[in-house]
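Peer 1: My structure file start_5.tsv, TSV, C-alpha atoms, is below:
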```tsv
chain	number	residue	atom	x	y	z
W	1	MET	CA	73.38	27.23	90.51
W	2	LYS	CA	74.18	29.81	93.14
W	3	ARG	CA	77.66	28.36	93.44
W	4	TYR	CA	78.27	28.95	89.76
W	5	LEU	CA	77.03	32.51	90.02
W	6	TYR	CA	79.53	33.27	92.77
W	7	SER	CA	82.31	31.78	90.72
W	8	ILE	CA	81.36	33.84	87.70
W	9	LEU	CA	81.07	37.01	89.76
W	10	PHE	CA	84.45	36.34	91.31
W	11	LEU	CA	86.04	35.81	87.92
W	12	VAL	CA	84.43	38.92	86.47
W	13	THR	CA	85.65	41.02	89.37
W	14	LEU	CA	89.14	39.63	88.94
W	15	GLN	CA	89.08	40.51	85.23
W	16	TYR	CA	87.89	43.98	86.04
W	17	ALA	CA	90.57	44.56	88.66
W	18	ASN	CA	93.22	43.35	86.27
W	19	GLY	CA	92.06	45.27	83.26
W	20	GLN	CA	91.70	48.60	84.97
W	21	VAL	CA	94.66	50.92	84.90
W	22	GLN	CA	94.46	54.13	86.84
W	23	ASP	CA	94.75	57.43	85.04
W	24	GLY	CA	97.88	59.47	85.34
W	25	THR	CA	99.19	62.77	84.03
W	26	LEU	CA	102.17	63.16	81.75
W	27	VAL	CA	104.05	66.44	82.08
W	28	ILE	CA	106.99	67.54	79.93
W	29	THR	CA	108.94	70.46	81.33
W	30	GLY	CA	111.15	72.35	78.94
W	31	SER	CA	111.79	72.05	75.26
W	32	PRO	CA	115.20	72.06	73.62
W	33	SER	CA	116.22	74.18	70.68
W	34	PHE	CA	119.11	73.31	68.40
W	35	SER	CA	121.29	76.06	67.02
W	36	GLN	CA	124.36	75.61	64.87
W	37	SER	CA	127.05	78.16	65.72
W	38	ALA	CA	128.99	77.84	62.47
W	39	ALA	CA	128.73	75.79	59.31
W	40	THR	CA	131.59	73.58	58.15
W	41	GLN	CA	134.70	75.46	57.02
W	42	GLU	CA	135.97	72.68	54.77
W	43	ALA	CA	134.54	72.64	51.27
W	44	GLY	CA	133.47	69.21	50.12
W	45	LEU	CA	132.41	67.95	53.54
W	46	ASP	CA	128.80	67.45	54.49
W	47	ASP	CA	127.72	69.97	57.10
W	48	SER	CA	126.73	67.37	59.64
W	49	GLU	CA	128.32	68.22	62.97
W	50	ASN	CA	126.01	67.19	65.83
W	51	ILE	CA	124.06	69.95	67.54
W	52	ILE	CA	123.34	69.37	71.23
W	53	GLY	CA	119.96	70.47	72.58
W	54	SER	CA	119.93	73.73	74.55
W	55	LEU	CA	118.40	71.93	77.55
W	56	ASP	CA	117.20	68.50	78.65
W	57	PRO	CA	113.40	68.42	79.05
W	58	LEU	CA	112.09	66.62	82.13
W	59	VAL	CA	109.45	63.90	81.87
W	60	THR	CA	107.07	63.27	84.77
W	61	PHE	CA	104.25	60.75	85.01
W	62	ILE	CA	102.17	60.57	88.20
W	63	LEU	CA	98.81	58.90	88.82
W	64	ASN	CA	95.93	61.30	89.40
W	65	GLU	CA	94.24	61.94	92.70
W	66	THR	CA	90.93	60.07	92.86
W	67	ILE	CA	87.68	60.66	94.71
W	68	ASN	CA	85.53	57.73	95.75
W	69	PRO	CA	82.08	58.40	94.22
W	70	VAL	CA	80.32	56.66	97.11
W	71	THR	CA	82.17	57.85	100.18
W	72	GLY	CA	83.60	61.06	98.75
W	73	ASP	CA	87.00	60.16	100.17
W	74	THR	CA	90.05	61.44	98.37
W	75	THR	CA	92.95	59.16	97.53
W	76	SER	CA	96.13	61.18	97.05
W	77	ARG	CA	98.52	60.81	94.15
W	78	GLU	CA	101.08	59.29	96.53
W	79	GLN	CA	98.60	56.67	97.69
W	80	ASN	CA	97.54	55.80	94.15
W	81	CYS	CA	101.17	55.44	93.14
W	82	GLU	CA	101.40	52.52	95.58
W	83	THR	CA	99.96	50.55	92.68
W	84	VAL	CA	102.88	49.93	90.38
W	85	TYR	CA	102.50	49.71	86.63
W	86	LEU	CA	105.04	49.29	83.88
W	87	TYR	CA	105.33	52.47	81.81
W	88	LYS	CA	106.95	52.65	78.42
W	89	VAL	CA	107.85	55.97	76.84
W	90	PHE	CA	107.79	56.15	73.05
W	91	MET	CA	108.88	59.17	71.05
W	92	HIS	CA	108.34	60.57	67.59
W	93	THR	CA	108.55	63.94	65.89
W	94	SER	CA	106.39	65.85	63.48
W	95	ASN	CA	107.52	68.30	60.79
W	96	MET	CA	111.19	67.45	61.24
W	97	PRO	CA	113.08	69.38	58.52
W	98	ALA	CA	114.35	67.29	55.61
W	99	GLY	CA	117.85	65.89	55.85
W	100	THR	CA	117.87	66.13	59.65
W	101	ILE	CA	118.15	63.33	62.19
W	102	ILE	CA	117.14	63.70	65.83
W	103	LYS	CA	118.19	61.28	68.56
W	104	ALA	CA	117.31	61.02	72.23
W	105	LYS	CA	118.49	59.16	75.29
W	106	THR	CA	118.30	59.01	79.06
W	107	PHE	CA	120.23	57.07	81.66
W	108	ASP	CA	119.29	54.04	83.74
W	109	ASN	CA	117.49	55.20	86.88
W	110	SER	CA	117.48	58.87	85.88
W	111	GLY	CA	114.79	61.01	87.45
W	112	SER	CA	113.32	60.06	90.81
W	113	ARG	CA	110.62	57.78	92.13
W	114	PHE	CA	107.32	59.30	93.17
W	115	PRO	CA	106.82	59.18	96.06
W	116	LEU	CA	110.49	58.88	96.94
W	117	VAL	CA	109.70	56.13	99.42
W	118	SER	CA	106.65	53.90	99.33
W	119	ASN	CA	105.24	50.86	101.10
W	120	TYR	CA	105.83	48.93	97.89
W	121	ASP	CA	109.58	49.48	98.23
W	122	GLY	CA	109.49	47.88	101.68
W	123	LEU	CA	107.86	44.68	100.47
W	124	PRO	CA	109.96	41.52	100.37
W	125	PRO	CA	111.29	40.72	96.88
W	126	SER	CA	108.50	38.20	96.33
W	127	GLY	CA	105.91	40.88	97.04
W	128	LYS	CA	107.30	43.37	94.54
W	129	TYR	CA	105.42	42.03	91.56
W	130	PHE	CA	107.23	44.35	89.15
W	131	GLY	CA	110.59	44.37	90.93
W	132	ASP	CA	112.15	47.63	92.08
W	133	ARG	CA	110.65	50.91	90.89
W	134	ASP	CA	113.51	51.50	88.47
W	135	LEU	CA	114.02	53.10	85.08
W	136	VAL	CA	115.73	51.27	82.26
W	137	ALA	CA	116.99	53.10	79.17
W	138	GLU	CA	116.34	51.22	75.94
W	139	THR	CA	119.44	49.70	74.40
W	140	ASN	CA	117.85	47.88	71.47
W	141	GLY	CA	118.73	49.79	68.33
W	142	ALA	CA	120.64	52.42	70.29
W	143	ASP	CA	124.00	53.85	69.21
W	144	ILE	CA	127.06	52.94	71.24
W	145	ASP	CA	126.61	56.15	73.21
W	146	GLY	CA	122.99	55.27	73.97
W	147	PHE	CA	121.22	57.60	71.55
W	148	ILE	CA	118.11	56.31	69.78
W	149	THR	CA	116.96	57.71	66.44
W	150	ILE	CA	113.50	59.24	66.71
W	151	PRO	CA	111.26	58.71	63.65
W	152	ASP	CA	109.32	61.56	62.08
W	153	ASP	CA	106.31	59.26	61.88
W	154	GLY	CA	103.73	58.86	64.63
W	155	THR	CA	102.74	55.33	63.64
W	156	VAL	CA	106.15	53.98	64.61
W	157	ALA	CA	106.97	55.98	67.73
W	158	ILE	CA	110.09	54.35	69.15
W	159	LYS	CA	110.66	53.25	72.72
W	160	VAL	CA	113.34	55.27	74.49
W	161	PHE	CA	112.96	54.05	78.07
W	162	GLU	CA	110.63	52.28	80.49
W	163	PHE	CA	110.07	52.53	84.21
W	164	LYS	CA	108.01	50.97	86.96
W	165	GLY	CA	105.81	53.06	89.23
W	166	CYS	CA	105.27	56.80	89.16
W	167	ARG	CA	108.37	58.82	88.33
W	168	GLU	CA	109.29	62.46	87.99
W	169	ASP	CA	111.91	64.71	86.39
W	170	ILE	CA	113.41	62.18	84.00
W	171	PRO	CA	115.90	64.16	81.91
W	172	VAL	CA	115.98	63.37	78.19
W	173	GLU	CA	119.03	64.38	76.18
W	174	PHE	CA	118.57	65.34	72.55
W	175	ARG	CA	120.95	65.69	69.68
W	176	VAL	CA	120.34	66.78	66.08
W	177	THR	CA	122.48	65.83	63.12
W	178	PRO	CA	121.89	68.17	60.17
W	179	SER	CA	123.12	67.74	56.60
W	180	VAL	CA	123.47	70.08	53.64
W	181	GLY	CA	119.88	69.03	52.86
W	182	THR	CA	118.62	70.70	56.05
W	183	PRO	CA	116.99	73.99	55.05
W	184	SER	CA	119.07	76.90	56.32
W	185	GLY	CA	117.57	79.20	58.92
W	186	THR	CA	115.12	78.14	61.60
W	187	SER	CA	112.77	75.17	61.16
W	188	ASN	CA	110.11	74.34	63.75
W	189	PHE	CA	109.07	70.83	64.67
W	190	GLN	CA	107.24	69.00	67.45
W	191	VAL	CA	108.53	66.28	69.75
W	192	TYR	CA	105.86	63.81	70.90
W	193	TYR	CA	106.06	61.71	74.06
W	194	THR	CA	103.68	58.77	74.22
W	195	ILE	CA	103.45	56.79	77.43
W	196	THR	CA	101.73	53.42	77.74
W	197	ALA	CA	100.80	51.63	80.94
W	198	GLU	CA	100.76	47.90	81.57
W	199	PRO	CA	99.37	46.35	84.74
W	200	PHE	CA	101.11	43.35	86.22
W	201	SER	CA	99.49	40.18	84.97
O	202	MET	CA	108.26	13.37	64.50
O	203	SER	CA	111.26	14.42	66.53
O	204	LYS	CA	112.61	16.17	63.44
O	205	ASN	CA	109.43	18.22	63.31
O	206	ILE	CA	109.86	19.23	66.92
O	207	LYS	CA	113.44	20.19	66.22
O	208	ASN	CA	112.28	22.33	63.31
O	209	ILE	CA	109.68	24.01	65.44
O	210	MET	CA	112.26	24.69	68.14
O	211	PHE	CA	114.61	26.15	65.56
O	212	CYS	CA	111.87	28.38	64.18
O	213	SER	CA	110.94	29.64	67.62
O	214	PHE	CA	114.59	30.30	68.33
O	215	LEU	CA	114.85	32.35	65.14
O	216	LEU	CA	111.69	34.26	65.97
O	217	THR	CA	112.92	35.03	69.46
O	218	ALA	CA	116.25	36.16	68.07
O	219	PHE	CA	114.48	38.58	65.72
O	220	LEU	CA	112.25	39.85	68.51
O	221	GLY	CA	115.33	40.52	70.58
O	222	VAL	CA	116.81	42.81	67.95
O	223	ALA	CA	113.64	44.61	66.90
O	224	GLN	CA	112.99	47.96	68.49
O	225	GLU	CA	109.71	48.29	70.29
O	226	THR	CA	107.32	50.77	68.71
O	227	ALA	CA	103.89	52.18	69.47
O	228	ASN	CA	101.38	53.92	67.27
O	229	GLY	CA	101.57	57.46	68.61
O	230	SER	CA	99.01	58.59	66.04
O	231	ASP	CA	96.35	56.27	67.46
O	232	VAL	CA	94.86	57.44	70.74
O	233	ASN	CA	93.73	53.89	71.55
O	234	SER	CA	97.32	52.80	71.99
O	235	PHE	CA	97.85	55.01	75.04
O	236	ILE	CA	94.43	56.12	76.28
O	237	ILE	CA	94.20	53.52	79.05
O	238	GLY	CA	96.49	54.56	81.86
O	239	GLY	CA	98.93	56.29	79.52
O	240	GLY	CA	99.10	59.65	77.82
O	241	GLN	CA	100.68	61.82	75.19
O	242	GLU	CA	102.21	65.28	75.21
O	243	PHE	CA	104.27	67.23	72.75
O	244	THR	CA	106.62	70.19	72.87
O	245	GLU	CA	107.66	72.69	70.22
O	246	SER	CA	111.30	72.66	69.20
O	247	SER	CA	113.36	74.34	66.55
O	248	VAL	CA	116.57	73.73	64.71
O	249	PHE	CA	118.74	76.47	63.23
O	250	VAL	CA	121.49	75.88	60.69
O	251	ASN	CA	123.57	78.33	58.69
O	252	SER	CA	123.62	78.51	54.94
O	253	VAL	CA	126.95	77.51	53.44
O	254	ALA	CA	128.47	77.90	49.99
O	255	ILE	CA	132.16	77.09	49.88
O	256	LEU	CA	134.48	75.51	47.36
O	257	ASP	CA	138.03	74.35	47.26
O	258	VAL	CA	140.48	73.08	44.65
O	259	TYR	CA	143.20	70.46	44.78
O	260	THR	CA	145.82	70.24	42.07
O	261	ILE	CA	147.28	66.90	41.13
O	262	GLY	CA	151.05	66.78	41.16
O	263	GLY	CA	151.34	70.47	41.95
O	264	GLY	CA	151.58	72.21	45.28
O	265	GLY	CA	148.69	72.19	47.71
O	266	GLY	CA	145.47	73.67	46.53
O	267	GLY	CA	143.07	75.70	48.49
O	268	GLY	CA	143.76	79.22	47.37
O	269	GLY	CA	142.55	78.64	43.88
O	270	THR	CA	145.95	79.30	42.32
O	271	VAL	CA	146.61	76.76	39.66
O	272	PHE	CA	149.43	78.44	37.80
O	273	GLU	CA	152.71	79.37	39.34
O	274	ALA	CA	152.91	83.13	39.54
O	275	GLY	CA	154.66	84.49	36.49
O	276	MET	CA	155.25	81.01	35.19
O	277	PRO	CA	156.59	81.39	31.69
O	278	PHE	CA	155.05	79.49	28.84
O	279	SER	CA	157.51	79.73	26.04
O	280	ALA	CA	156.06	77.68	23.27
O	281	GLY	CA	153.80	74.96	22.05
O	282	ALA	CA	150.71	73.49	23.55
O	283	GLY	CA	150.18	71.06	26.38
O	284	ALA	CA	147.94	69.90	29.14
O	285	MET	CA	147.86	72.00	32.25
O	286	PRO	CA	147.66	70.49	35.72
O	287	GLU	CA	144.50	68.64	36.54
O	288	VAL	CA	142.38	70.03	39.29
O	289	TRP	CA	139.75	68.56	41.62
O	290	LEU	CA	136.99	70.95	42.61
O	291	ASN	CA	135.11	70.30	45.88
O	292	TYR	CA	132.12	72.16	47.18
O	293	THR	CA	129.63	72.18	50.03
O	294	TYR	CA	126.38	73.99	49.47
O	295	ARG	CA	123.32	74.64	51.60
O	296	PRO	CA	121.29	77.43	49.99
O	297	ILE	CA	119.80	80.31	51.95
O	298	ASP	CA	116.39	79.30	50.61
O	299	PRO	CA	115.80	75.58	49.95
O	300	ASN	CA	114.69	76.43	46.41
O	301	ASP	CA	117.79	78.44	45.54
O	302	GLU	CA	120.33	77.04	43.11
O	303	SER	CA	123.92	78.01	42.48
O	304	GLU	CA	126.49	77.69	39.71
O	305	ILE	CA	130.27	77.51	39.77
O	306	PHE	CA	132.28	79.84	37.56
O	307	VAL	CA	135.93	80.17	36.64
O	308	ARG	CA	137.72	83.27	35.42
O	309	SER	CA	141.25	84.55	35.14
O	310	SER	CA	142.68	87.18	37.44
O	311	HIS	CA	144.31	89.05	34.54
O	312	PRO	CA	143.50	89.43	30.87
O	313	ILE	CA	144.91	86.54	28.87
O	314	PRO	CA	147.72	87.85	26.61
O	315	ALA	CA	147.18	87.64	22.88
O	316	GLY	CA	148.29	84.35	21.43
O	317	ILE	CA	147.59	82.40	24.59
O	318	ASP	CA	144.50	80.28	24.95
O	319	ILE	CA	143.48	78.40	28.08
O	320	GLU	CA	140.53	76.08	27.86
O	321	ALA	CA	138.73	74.24	30.64
O	322	ARG	CA	136.27	71.39	30.91
O	323	VAL	CA	135.15	68.75	33.37
O	324	ILE	CA	136.59	65.35	32.50
O	325	GLU	CA	135.60	63.27	35.51
O	326	VAL	CA	133.06	63.28	38.31
O	327	SER	CA	133.38	61.40	41.57
O	328	SER	CA	130.62	59.20	42.96
O	329	GLY	CA	131.08	60.08	46.64
O	330	GLY	CA	129.30	62.75	48.61
O	331	ASP	CA	125.78	63.73	47.72
O	332	PHE	CA	125.49	65.73	44.53
O	333	VAL	CA	124.28	65.50	40.94
O	334	ASP	CA	126.69	65.76	38.02
O	335	ARG	CA	126.18	69.19	36.50
O	336	GLY	CA	129.70	69.64	35.12
O	337	GLU	CA	130.40	71.36	31.80
O	338	ASN	CA	131.98	68.70	29.59
O	339	GLY	CA	132.71	70.86	26.58
O	340	ASN	CA	135.87	72.95	26.34
O	341	PHE	CA	135.49	76.68	26.77
O	342	SER	CA	138.09	79.43	26.82
O	343	ILE	CA	138.91	81.16	30.04
O	344	ASP	CA	139.10	84.91	30.26
O	345	GLU	CA	138.40	87.58	32.81
O	346	ASN	CA	134.66	87.00	32.50
O	347	ASN	CA	132.95	84.25	34.44
O	348	GLY	CA	132.71	80.99	32.53
O	349	LYS	CA	130.36	78.37	33.81
O	350	ILE	CA	132.15	75.15	34.78
O	351	VAL	CA	129.28	73.66	36.83
O	352	LYS	CA	125.65	74.26	35.87
O	353	SER	CA	122.91	75.03	38.41
O	354	PHE	CA	122.61	72.70	41.40
O	355	GLY	CA	120.90	72.60	44.78
O	356	ALA	CA	122.05	71.53	48.23
O	357	GLY	CA	124.86	68.99	48.17
O	358	TYR	CA	128.48	68.16	48.91
O	359	THR	CA	131.20	66.40	46.96
O	360	ASP	CA	133.43	64.99	49.71
O	361	ASP	CA	136.76	66.53	50.40
O	362	GLY	CA	140.14	66.33	48.70
O	363	GLU	CA	141.67	64.95	45.53
O	364	THR	CA	139.61	62.44	43.56
O	365	ASN	CA	136.41	63.99	44.90
O	366	GLY	CA	134.02	66.31	43.10
O	367	TYR	CA	134.77	67.54	39.58
O	368	LYS	CA	138.06	66.89	37.84
O	369	ILE	CA	138.82	69.86	35.63
O	370	GLU	CA	141.25	69.69	32.78
O	371	TYR	CA	142.96	72.82	31.48
O	372	THR	CA	144.42	72.91	28.02
O	373	PHE	CA	146.97	75.56	27.27
O	374	SER	CA	148.14	76.74	23.89
O	375	ASN	CA	150.55	79.51	23.06
O	376	SER	CA	151.01	80.59	19.48
O	377	GLY	CA	153.15	83.61	20.37
O	378	THR	CA	155.95	84.35	22.75
O	379	GLU	CA	153.89	86.01	25.45
O	380	SER	CA	153.92	84.66	28.94
O	381	LEU	CA	151.23	84.91	31.59
O	382	PRO	CA	151.47	88.02	33.74
O	383	ALA	CA	152.90	87.89	37.24
O	384	GLY	CA	150.34	86.87	39.82
O	385	PHE	CA	148.17	85.21	37.22
O	386	SER	CA	145.65	82.88	38.73
O	387	ILE	CA	142.38	81.17	38.05
O	388	ILE	CA	139.52	82.20	40.31
O	389	TYR	CA	136.69	79.87	41.22
O	390	GLU	CA	133.45	81.19	42.52
O	391	ILE	CA	130.14	79.71	43.60
O	392	ILE	CA	127.35	82.12	42.74
O	393	LYS	CA	123.64	81.94	43.41
O	394	LYS	CA	121.64	81.70	40.21
```
Take the structure in this file and express it as structure tokens.

Peer 2:
Amino acid sequence: MKRYLYSILFLVTLQYANGQVQDGTLVITGSPSFSQSAATQEAGLDDSENIIGSLDPLVTFILNETINPVTGDTTSREQNCETVYLYKVFMHTSNMPAGTIIKAKTFDNSGSRFPLVSNYDGLPPSGKYFGDRDLVAETNGADIDGFITIPDDGTVAIKVFEFKGCREDIPVEFRVTPSVGTPSGTSNFQVYYTITAEPFS
Amino acid sequence: MSKNIKNIMFCSFLLTAFLGVAQETANGSDVNSFIIGGGQEFTESSVFVNSVAILDVYTIGGGGGGGGTVFEAGMPFSAGAGAMPEVWLNYTYRPIDPNDESEIFVRSSHPIPAGIDIEARVIEVSSGGDFVDRGENGNFSIDENNGKIVKSFGAGYTDDGETNGYKIEYTFSNSGTESLPAGFSIIYEIIKK
């Protein structure tokens, strides 16, 4: 009987360890604006020249510092980031003006690992359960130049890139394509970044 | 039996193929999709575009369009009646206010001499671009006052060049011996309603 109990306890602990994902903090630095300098000069054409974002916002996701409730010891963000998870970044907008398309992209391995060097990186290939702490830009459904159309619908936020381990200052390029249907003047909208974490299993 | 297995394999292959093409999505409106180990943030952005209201004409068979001049300056019309050149009217319109509408008018640069009558109407509409047919299909006489050739419309564009937009037919009749004054032209204008 006791033997069974140990087995069950062991299994439960394993489940728990697997299911738990540490909390991190997502920070977006900077927000682009899109301003058309001049409308089309040729009558009959749609007014749909691409507008490049005024700046590339930076995306950072780092695991939080933790305090052991029993010992009171602090585990730093760097230490917590030794545990590598797979992060996927999905994007959507809200209140995008009618007749307007927004696209986003980043580059493979843009941004930098946090911390820059970790024990995980020094493990032999077989020990790196998630492979190198790299970033991969999504290519599924992307334009030839890498841009992915962002939906104005939160229920279908689209994946733009994924990375393994904590990462900071990932630049995201934006581009807006207006049309004659875009209301003239200034329209405000929100860009949402949703990040999901998956433990290695 | 083996046929069944083959079918199953084929189905899984198809499914995998579809999965490979589908873009991965998440429900960003549902906190449960990212609460464990993930997160969500948003930033405020804005987009600014100019309003635009421009039009252009292309004459068929005649010289290049663009200026709005359909008739050769001082072109004499000695007698009889006949069809004038056919013209394609293009426009691009993004109103200042999304609810605004505009109309397109034609008028002559000079008074039409007695005995001469020029009539206009839309005889064809292209299917390209993004606009609704609001052309005036009935003939009306052109004079120095604005005559409506396209009724009120909102944001849209017709595509550029000949065979795009509205094809306008002019009919000319001259019962006297007058000719059109030097510098005579037809003026097109897009005006907010």

Peer 1: Using all atoms listed in the file, which protein or nucleic acid residues come within 10 Å of range 176-188 of chain W? Drop anything in the same chain fewer than 6 positions from it, and give the result as an MDAnalysis selection string.

Peer 2: (chainID W and resid 33:36 39:40 45:53 94:104 149) or (chainID O and resid 245:254 293:300 331 355:358)

Peer 1: With 8 Å on each side, where is the centre of the axis-aligned box around all listed atoms of range 69-72 of chain W, and how long are its edges in Å to one decimal, as AutoDock Vina command-line options?

Peer 2:
```
--center_x 82.0 --center_y 58.9 --center_z 97.2 --size_x 19.3 --size_y 20.4 --size_z 22.0
```

Peer 1: Between CA of Ser327 in chain O and CA of Tyr389 in chain O, what is the distance, to one decimal in Å?

Peer 2: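 CA of Tyr389 in chain O lies at a distance of 18.8 Å from CA of Ser327 in chain O.
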
Peer 1: Given all atoms listed in the file as the basis, pick out the residue of O:Ile305, O:Pro314, O:Lys352, O:Glu225 nearest to Ser376 in chain O.

Peer 2: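 Of all the options, O:Pro314 lies closest to Ser376 in chain O.
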
Peer 1: For chain W, which residue out of O:Gly239, O:Gly339, O:Gly377, O:Pro382 is the nearest one, using all atoms listed in the file?

Peer 2: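 So, comparing all the options, the nearest one is O:Gly239.
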
Peer 1: Go through O:Thr372, O:Thr359, O:Ser303, O:Asn365 one by one, measure the shortest atom-to-atom distance of each to Glu325 in chain O using all atoms listed in the file, and give the residue with the smallest value.

Peer 2: O:Asn365

Peer 1: Do you have the CA of Ile255 in chain O-CA of Glu287 in chain O distance handy?

Peer 2: 20.0 Å

Peer 1: With only C-alpha atoms as the counted atoms, please give the residues lying no more than 8 Å from Phe341 in chain O, apart from itself and same-chain residues fewer than 2 positions off, as a ChimeraX atom specification.

Peer 2: /O:320-322,339,343,348

Peer 1: Would you put the residues from that selection into a file with C-alpha atoms, as a PDB file, in the frame of the given file?

Peer 2:
```
ATOM      1  CA  GLU O 320     140.530  76.080  27.860  1.00  0.00           C
ATOM      2  CA  ALA O 321     138.730  74.240  30.640  1.00  0.00           C
ATOM      3  CA  ARG O 322     136.270  71.390  30.910  1.00  0.00           C
ATOM      4  CA  GLY O 339     132.710  70.860  26.580  1.00  0.00           C
ATOM      5  CA  ILE O 343     138.910  81.160  30.040  1.00  0.00           C
ATOM      6  CA  GLY O 348     132.710  80.990  32.530  1.00  0.00           C
TER       7      GLY O 348
END
```

Peer 1: Quick one, how far is CA of Phe130 in chain W from CA of Val160 in chain W?

Peer 2: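 Here the two named atoms are 19.3 Å from each other.
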
Peer 1: With a distance cut-off of 8 Å and only C-alpha atoms, select the neighbouring residues of Asn80 in chain W, excluding the residue or stretch itself and same-chain residues fewer than 3 positions from it, and output the selection as a PyMOL selection string.

Peer 2: chain W and resi 63-66+75-77+83

Peer 1: Please produce a file of the residues just selected, as a PDB file, in the coordinates of the input, where the atoms kept are C-alpha atoms.

Peer 2:
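What ended up in out_33.pdb:
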```
ATOM      1  CA  LEU W  63      98.810  58.900  88.820  1.00  0.00           C
ATOM      2  CA  ASN W  64      95.930  61.300  89.400  1.00  0.00           C
ATOM      3  CA  GLU W  65      94.240  61.940  92.700  1.00  0.00           C
ATOM      4  CA  THR W  66      90.930  60.070  92.860  1.00  0.00           C
ATOM      5  CA  THR W  75      92.950  59.160  97.530  1.00  0.00           C
ATOM      6  CA  SER W  76      96.130  61.180  97.050  1.00  0.00           C
ATOM      7  CA  ARG W  77      98.520  60.810  94.150  1.00  0.00           C
ATOM      8  CA  THR W  83      99.960  50.550  92.680  1.00  0.00           C
TER       9      THR W  83
END
```

Peer 1: With a distance cut-off of 10 Å and only C-alpha atoms, select the neighbouring residues of Ser230 in chain O, excluding the residue or stretch itself and same-chain residues fewer than 4 positions from it, and output the selection as a short mmCIF file (atom, residue, chain, number, x, y, z; two decimals) with C-alpha atoms, keeping the file's coordinate frame.

Peer 2:
```
data_model
loop_
_atom_site.label_atom_id
_atom_site.label_comp_id
_atom_site.auth_asym_id
_atom_site.auth_seq_id
_atom_site.Cartn_x
_atom_site.Cartn_y
_atom_site.Cartn_z
CA HIS W 92 108.34 60.57 67.59
CA ASP W 153 106.31 59.26 61.88
CA GLY W 154 103.73 58.86 64.63
CA THR W 155 102.74 55.33 63.64
CA VAL W 156 106.15 53.98 64.61
CA ALA W 157 106.97 55.98 67.73
CA TYR W 192 105.86 63.81 70.90
CA THR W 194 103.68 58.77 74.22
CA SER O 234 97.32 52.80 71.99
CA PHE O 235 97.85 55.01 75.04
CA GLN O 241 100.68 61.82 75.19
#
```

Peer 1: Determine the nearest neighbour of chain O from the options W:Pro199, W:Gly111, W:Pro69, W:Pro125, counting only C-alpha atoms.

Peer 2: W:Pro199

Peer 1: Could you give me, as an mmCIF file with C-alpha atoms, in the coordinates of the input, the residues within 10 Å of Arg308 in chain O, counting all atoms listed in the file and dropping anything in the same chain fewer than 4 positions from it?

Peer 2:
```
data_model
loop_
_atom_site.group_PDB
_atom_site.id
_atom_site.type_symbol
_atom_site.label_atom_id
_atom_site.label_comp_id
_atom_site.auth_asym_id
_atom_site.auth_seq_id
_atom_site.Cartn_x
_atom_site.Cartn_y
_atom_site.Cartn_z
ATOM 1 C CA PRO O 312 143.500 89.430 30.870
ATOM 2 C CA SER O 342 138.090 79.430 26.820
ATOM 3 C CA ILE O 343 138.910 81.160 30.040
ATOM 4 C CA ASP O 344 139.100 84.910 30.260
ATOM 5 C CA GLU O 345 138.400 87.580 32.810
ATOM 6 C CA ASN O 346 134.660 87.000 32.500
ATOM 7 C CA ASN O 347 132.950 84.250 34.440
ATOM 8 C CA GLY O 348 132.710 80.990 32.530
ATOM 9 C CA LYS O 349 130.360 78.370 33.810
ATOM 10 C CA ILE O 350 132.150 75.150 34.780
ATOM 11 C CA SER O 386 145.650 82.880 38.730
ATOM 12 C CA ILE O 387 142.380 81.170 38.050
ATOM 13 C CA ILE O 388 139.520 82.200 40.310
ATOM 14 C CA TYR O 389 136.690 79.870 41.220
ATOM 15 C CA GLU O 390 133.450 81.190 42.520
#
```

Peer 1: Of the candidates W:Glu78, W:Pro171, W:Gly72, W:Phe200, which shows the shortest atom-to-atom distance to Gly131 in chain W, using only C-alpha atoms?

Peer 2: W:Phe200

Peer 1: Which is closest to chain O among W:Thr196, W:Gln79, W:Asn119, W:Ser54, if we use only C-alpha atoms?

Peer 2: W:Thr196
